[in-house]
Amino acid sequence: MPERADFAERVLAAVEAIPAGRVMTYGDVAEYAGIRSPRSVGQVLAADGGTVPWHRVLRHDGSMAPHIRDEQRARLRAEGVRFHGQRSERVDLTAYRWDGVSTSAE
DNA sequence: ATGTTGACACCGG
DNA sequence: TCCGGTGCCAACA
């Protein structure tokens with residue numbers, strides 16, 4: 001039988017599908033990949049995220065984890081994503097969140 | 001098998 | 001808005 005699509009593979013595929021200049025939350029990626037735990041998404045990226053645009057995945061409130069905050073912010077900015085807050089701690093999800101369907105920015 | 005950890009989400013106060 | 005507890009699920013010791 002059939003292979004059991006590695007859940008990690010699906011997560012990576014979902015992240016790779018995010019268009020440049022767009023973002024998704026961990027929860028969105030989990031749903032898109034067909035799994036029920038957003039935490040598992042982070043687990044996968046922590047282990048094998050180097051091969052995908054992990055910087056396009058944010059928390060549900062537009063903030064990001066401390067150890068990757070700087071790198072992630074720099075990369076997103078380079079793609080045209082605007083931040084807000086005094087220290088640019090958050091991304092405006094309402095403007096950049098990708099629905100998983102449209103294939104181009106906006 | 002059991003317990004801990006983690007790049008999270010949701011809810012109550 | 002911020003803080004804390006709970007649910008979640010795979011990896012690891």
# chains A, B, ... in the order shown; residues from 1 in each chain; ligands from 1
$ select_by_dssp --residues "segment 44-82 of chain A" --states "alpha helix (DSSP H)" --output "PyMOL selection string"
chain A and resi 44-48+69-78
$ write_last_selection --atoms "C-alpha atoms" --output "short mmCIF file (atom, residue, chain, number, x, y, z; two decimals), in the first residue's frame"
data_model
loop_
_atom_site.label_atom_id
_atom_site.label_comp_id
_atom_site.auth_asym_id
_atom_site.auth_seq_id
_atom_site.Cartn_x
_atom_site.Cartn_y
_atom_site.Cartn_z
CA VAL A 44 9.02 20.21 10.76
CA LEU A 45 10.43 23.60 9.87
CA ALA A 46 12.83 23.45 12.78
CA ALA A 47 14.17 20.15 11.47
CA ASP A 48 14.03 20.65 7.72
CA ARG A 69 12.63 37.25 14.30
CA ASP A 70 15.46 39.31 12.75
CA GLU A 71 16.21 37.05 9.82
CA GLN A 72 12.56 36.56 9.06
CA ARG A 73 11.76 40.24 9.19
CA ALA A 74 14.65 41.07 6.86
CA ARG A 75 13.63 38.46 4.30
CA LEU A 76 9.99 39.49 4.26
CA ARG A 77 10.92 43.12 3.91
CA ALA A 78 13.00 42.21 0.90
#
$ residues_around --residues "Val57 of chain A" --least-positions-apart "3" --cutoff "12 Å" --atoms "only C-alpha atoms (C1' of nucleotides)" --output "PyMOL selection string"
(chain A and resi 11-12+14-30+38+41-42+45+49+52-54+60-65+68-69+72-73+75-76+91+93+96-98) or (chain B and resi 7-8)
$ closest_residue --among "A:Ala8, A:Ile35, A:Leu58, A:Val81" --to "DC8 of chain C" --atoms "only C-alpha atoms (C1' of nucleotides)"
A:Ile35
$ interface_residues --of "chain C" --to "chain A" --cutoff "10 Å" --atoms "only C-alpha atoms (C1' of nucleotides)" --output "ChimeraX atom specification"
/C:7-11
$ write_last_selection --atoms "all heavy atoms" --output "short mmCIF file (atom, residue, chain, number, x, y, z; two decimals), in the first residue's frame"
data_model
loop_
_atom_site.label_atom_id
_atom_site.label_comp_id
_atom_site.auth_asym_id
_atom_site.auth_seq_id
_atom_site.Cartn_x
_atom_site.Cartn_y
_atom_site.Cartn_z
P DG C 7 -7.23 20.36 28.29
OP1 DG C 7 -8.56 19.74 28.51
OP2 DG C 7 -6.04 19.75 28.91
"O5'" DG C 7 -7.01 20.45 26.72
"C5'" DG C 7 -7.96 21.19 25.93
"C4'" DG C 7 -7.54 21.18 24.47
"O4'" DG C 7 -6.43 22.07 24.28
"C3'" DG C 7 -7.07 19.79 23.99
"O3'" DG C 7 -7.62 19.53 22.70
"C2'" DG C 7 -5.56 19.93 23.93
"C1'" DG C 7 -5.38 21.39 23.60
N9 DG C 7 -4.11 21.95 24.04
C8 DG C 7 -3.49 21.77 25.24
N7 DG C 7 -2.34 22.39 25.34
C5 DG C 7 -2.20 23.02 24.12
C6 DG C 7 -1.17 23.83 23.61
O6 DG C 7 -0.13 24.16 24.17
N1 DG C 7 -1.43 24.26 22.33
C2 DG C 7 -2.54 23.94 21.60
N2 DG C 7 -2.62 24.44 20.38
N3 DG C 7 -3.52 23.19 22.05
C4 DG C 7 -3.29 22.76 23.31
P DC C 8 -7.36 18.07 22.07
OP1 DC C 8 -8.52 17.72 21.26
OP2 DC C 8 -6.88 17.14 23.13
"O5'" DC C 8 -6.13 18.33 21.07
"C5'" DC C 8 -6.24 19.29 20.06
"C4'" DC C 8 -4.91 19.47 19.34
"O4'" DC C 8 -4.02 20.23 20.14
"C3'" DC C 8 -4.21 18.13 19.06
"O3'" DC C 8 -4.48 17.69 17.75
"C2'" DC C 8 -2.74 18.48 19.21
"C1'" DC C 8 -2.70 19.77 19.98
N1 DC C 8 -2.13 19.63 21.36
C2 DC C 8 -1.05 20.40 21.74
O2 DC C 8 -0.56 21.16 20.92
N3 DC C 8 -0.57 20.27 23.00
C4 DC C 8 -1.14 19.42 23.86
N4 DC C 8 -0.65 19.34 25.09
C5 DC C 8 -2.25 18.62 23.48
C6 DC C 8 -2.71 18.76 22.24
P DC C 9 -4.45 16.13 17.44
OP1 DC C 9 -5.22 15.92 16.22
OP2 DC C 9 -4.73 15.36 18.66
"O5'" DC C 9 -2.90 15.91 17.08
"C5'" DC C 9 -2.31 16.66 16.04
"C4'" DC C 9 -0.82 16.38 16.00
"O4'" DC C 9 -0.16 17.05 17.09
"C3'" DC C 9 -0.46 14.90 16.14
"O3'" DC C 9 0.65 14.64 15.31
"C2'" DC C 9 -0.03 14.81 17.58
"C1'" DC C 9 0.67 16.12 17.75
N1 DC C 9 0.88 16.59 19.12
C2 DC C 9 1.97 17.43 19.37
O2 DC C 9 2.70 17.75 18.44
N3 DC C 9 2.19 17.85 20.63
C4 DC C 9 1.38 17.48 21.61
N4 DC C 9 1.65 17.93 22.83
C5 DC C 9 0.26 16.64 21.38
C6 DC C 9 0.05 16.23 20.13
P DA C 10 0.85 13.14 14.77
OP1 DA C 10 0.22 13.01 13.45
OP2 DA C 10 0.52 12.21 15.86
"O5'" DA C 10 2.44 13.14 14.55
"C5'" DA C 10 2.99 14.08 13.67
"C4'" DA C 10 4.41 14.44 14.09
"O4'" DA C 10 4.40 15.08 15.38
"C3'" DA C 10 5.34 13.24 14.21
"O3'" DA C 10 6.58 13.57 13.67
"C2'" DA C 10 5.44 13.02 15.72
"C1'" DA C 10 5.31 14.44 16.26
N9 DA C 10 4.74 14.49 17.61
C8 DA C 10 3.62 13.87 18.08
N7 DA C 10 3.39 14.10 19.34
C5 DA C 10 4.41 14.94 19.73
C6 DA C 10 4.72 15.54 20.96
N6 DA C 10 4.02 15.40 22.07
N1 DA C 10 5.82 16.31 21.01
C2 DA C 10 6.55 16.46 19.89
N3 DA C 10 6.34 15.95 18.69
C4 DA C 10 5.25 15.18 18.67
P DA C 11 7.66 12.41 13.46
OP1 DA C 11 8.27 12.58 12.12
OP2 DA C 11 7.10 11.13 13.88
"O5'" DA C 11 8.74 12.89 14.53
"C5'" DA C 11 9.25 14.20 14.44
"C4'" DA C 11 10.24 14.45 15.58
"O4'" DA C 11 9.53 14.57 16.82
"C3'" DA C 11 11.26 13.32 15.76
"O3'" DA C 11 12.53 13.89 15.97
"C2'" DA C 11 10.74 12.57 16.98
"C1'" DA C 11 10.08 13.69 17.79
N9 DA C 11 8.99 13.24 18.66
C8 DA C 11 7.96 12.39 18.37
N7 DA C 11 7.12 12.20 19.36
C5 DA C 11 7.64 12.99 20.38
C6 DA C 11 7.21 13.23 21.69
N6 DA C 11 6.14 12.69 22.24
N1 DA C 11 7.95 14.07 22.45
C2 DA C 11 9.05 14.62 21.91
N3 DA C 11 9.54 14.47 20.68
C4 DA C 11 8.79 13.64 19.96
#
$ residues_around --residues "DT6 of chain C" --least-positions-apart "2" --cutoff "10 Å" --atoms "only C-alpha atoms (C1' of nucleotides)" --output "short mmCIF file (atom, residue, chain, number, x, y, z; two decimals) with N, CA, C and O atoms (P, O5', C5', C4', C3', O3' and C1' of nucleotides), in the first residue's frame"
data_model
loop_
_atom_site.label_atom_id
_atom_site.label_comp_id
_atom_site.auth_asym_id
_atom_site.auth_seq_id
_atom_site.Cartn_x
_atom_site.Cartn_y
_atom_site.Cartn_z
P DC B 10 -6.87 30.02 16.26
"O5'" DC B 10 -7.53 29.82 17.70
"C5'" DC B 10 -8.02 28.53 18.07
"C4'" DC B 10 -8.55 28.56 19.50
"C3'" DC B 10 -9.37 29.82 19.78
"O3'" DC B 10 -10.59 29.46 20.40
"C1'" DC B 10 -7.68 29.52 21.42
P DC B 11 -11.67 30.61 20.67
"O5'" DC B 11 -11.70 30.61 22.26
"C5'" DC B 11 -11.68 29.36 22.97
"C4'" DC B 11 -11.57 29.65 24.45
"C3'" DC B 11 -12.37 30.89 24.87
"O3'" DC B 11 -13.07 30.64 26.08
"C1'" DC B 11 -10.11 31.13 25.51
P DG C 4 2.46 35.06 33.39
"O5'" DG C 4 1.33 33.91 33.42
"C5'" DG C 4 0.23 34.04 34.30
"C4'" DG C 4 -0.80 32.95 34.02
"C3'" DG C 4 -0.18 31.56 33.82
"O3'" DG C 4 -0.91 30.62 34.59
"C1'" DG C 4 -1.61 32.09 32.00
P DC C 8 -7.36 18.07 22.07
"O5'" DC C 8 -6.13 18.33 21.07
"C5'" DC C 8 -6.24 19.29 20.06
"C4'" DC C 8 -4.91 19.47 19.34
"C3'" DC C 8 -4.21 18.13 19.06
"O3'" DC C 8 -4.48 17.69 17.75
"C1'" DC C 8 -2.70 19.77 19.98
#
$ select_by_dssp --residues "segment 7-105 of chain A" --states "strand (DSSP E)" --output "NGL selection string"
:A and (24-25 or 57-58 or 83-84 or 90-91)
$ write_last_selection --atoms "all heavy atoms" --output "mmCIF file, in the first residue's frame"
data_model
loop_
_atom_site.group_PDB
_atom_site.id
_atom_site.type_symbol
_atom_site.label_atom_id
_atom_site.label_comp_id
_atom_site.auth_asym_id
_atom_site.auth_seq_id
_atom_site.Cartn_x
_atom_site.Cartn_y
_atom_site.Cartn_z
ATOM 1 N N MET A 24 1.573 32.966 5.434
ATOM 2 C CA MET A 24 0.533 32.077 5.972
ATOM 3 C C MET A 24 0.860 31.878 7.449
ATOM 4 O O MET A 24 2.004 32.007 7.841
ATOM 5 C CB MET A 24 0.593 30.720 5.278
ATOM 6 C CG MET A 24 -0.304 30.598 4.051
ATOM 7 S SD MET A 24 -0.248 28.935 3.331
ATOM 8 C CE MET A 24 -1.928 28.427 3.617
ATOM 9 N N THR A 25 -0.131 31.545 8.239
ATOM 10 C CA THR A 25 0.142 31.302 9.658
ATOM 11 C C THR A 25 0.430 29.811 9.798
ATOM 12 O O THR A 25 0.162 29.029 8.888
ATOM 13 C CB THR A 25 -1.076 31.648 10.543
ATOM 14 O OG1 THR A 25 -2.110 30.693 10.290
ATOM 15 C CG2 THR A 25 -1.567 33.051 10.256
ATOM 16 N N VAL A 57 6.103 32.003 6.887
ATOM 17 C CA VAL A 57 5.169 31.429 7.861
ATOM 18 C C VAL A 57 5.265 32.216 9.166
ATOM 19 O O VAL A 57 6.338 32.332 9.753
ATOM 20 C CB VAL A 57 5.506 29.954 8.132
ATOM 21 C CG1 VAL A 57 4.463 29.360 9.074
ATOM 22 C CG2 VAL A 57 5.557 29.175 6.828
ATOM 23 N N LEU A 58 4.126 32.753 9.582
ATOM 24 C CA LEU A 58 4.087 33.576 10.793
ATOM 25 C C LEU A 58 3.102 33.036 11.801
ATOM 26 O O LEU A 58 2.323 32.136 11.502
ATOM 27 C CB LEU A 58 3.628 34.993 10.442
ATOM 28 C CG LEU A 58 4.319 35.686 9.278
ATOM 29 C CD1 LEU A 58 3.553 36.966 8.976
ATOM 30 C CD2 LEU A 58 5.743 36.005 9.625
ATOM 31 N N PHE A 83 5.709 46.100 7.737
ATOM 32 C CA PHE A 83 5.481 45.755 9.141
ATOM 33 C C PHE A 83 4.899 46.945 9.870
ATOM 34 O O PHE A 83 4.975 48.056 9.380
ATOM 35 C CB PHE A 83 6.796 45.391 9.815
ATOM 36 C CG PHE A 83 7.349 44.086 9.324
ATOM 37 C CD1 PHE A 83 7.934 44.000 8.064
ATOM 38 C CD2 PHE A 83 7.274 42.961 10.106
ATOM 39 C CE1 PHE A 83 8.432 42.792 7.599
ATOM 40 C CE2 PHE A 83 7.781 41.759 9.643
ATOM 41 C CZ PHE A 83 8.348 41.677 8.387
ATOM 42 N N HIS A 84 4.348 46.694 11.022
ATOM 43 C CA HIS A 84 3.880 47.820 11.820
ATOM 44 C C HIS A 84 4.151 47.558 13.280
ATOM 45 O O HIS A 84 4.557 46.468 13.649
ATOM 46 C CB HIS A 84 2.413 48.123 11.552
ATOM 47 C CG HIS A 84 1.506 46.975 11.803
ATOM 48 N ND1 HIS A 84 1.198 46.528 13.046
ATOM 49 C CD2 HIS A 84 0.825 46.177 10.940
ATOM 50 C CE1 HIS A 84 0.343 45.521 12.946
ATOM 51 N NE2 HIS A 84 0.114 45.275 11.692
ATOM 52 N N ARG A 90 5.242 43.049 14.066
ATOM 53 C CA ARG A 90 4.160 42.300 13.431
ATOM 54 C C ARG A 90 3.937 42.624 11.965
ATOM 55 O O ARG A 90 4.194 43.735 11.517
ATOM 56 C CB ARG A 90 2.857 42.583 14.158
ATOM 57 C CG ARG A 90 2.855 42.078 15.573
ATOM 58 C CD ARG A 90 1.481 42.316 16.152
ATOM 59 N NE ARG A 90 1.400 41.837 17.520
ATOM 60 C CZ ARG A 90 0.288 41.934 18.239
ATOM 61 N NH1 ARG A 90 -0.784 42.484 17.719
ATOM 62 N NH2 ARG A 90 0.258 41.470 19.454
ATOM 63 N N VAL A 91 3.422 41.621 11.253
ATOM 64 C CA VAL A 91 3.100 41.788 9.846
ATOM 65 C C VAL A 91 1.601 42.035 9.769
ATOM 66 O O VAL A 91 0.847 41.528 10.590
ATOM 67 C CB VAL A 91 3.419 40.493 9.068
ATOM 68 C CG1 VAL A 91 2.870 40.564 7.652
ATOM 69 C CG2 VAL A 91 4.920 40.271 9.032
#
$ closest_residue --among "A:Arg59, A:Asp6, A:Ala33, A:Ala13" --to "chain B" --atoms "only C-alpha atoms (C1' of nucleotides)"
A:Arg59
$ atom_distance --atom1 "atom CA of Asp99 of chain A" --atom2 "atom C1' of DC2 of chain C"
29.2 Å
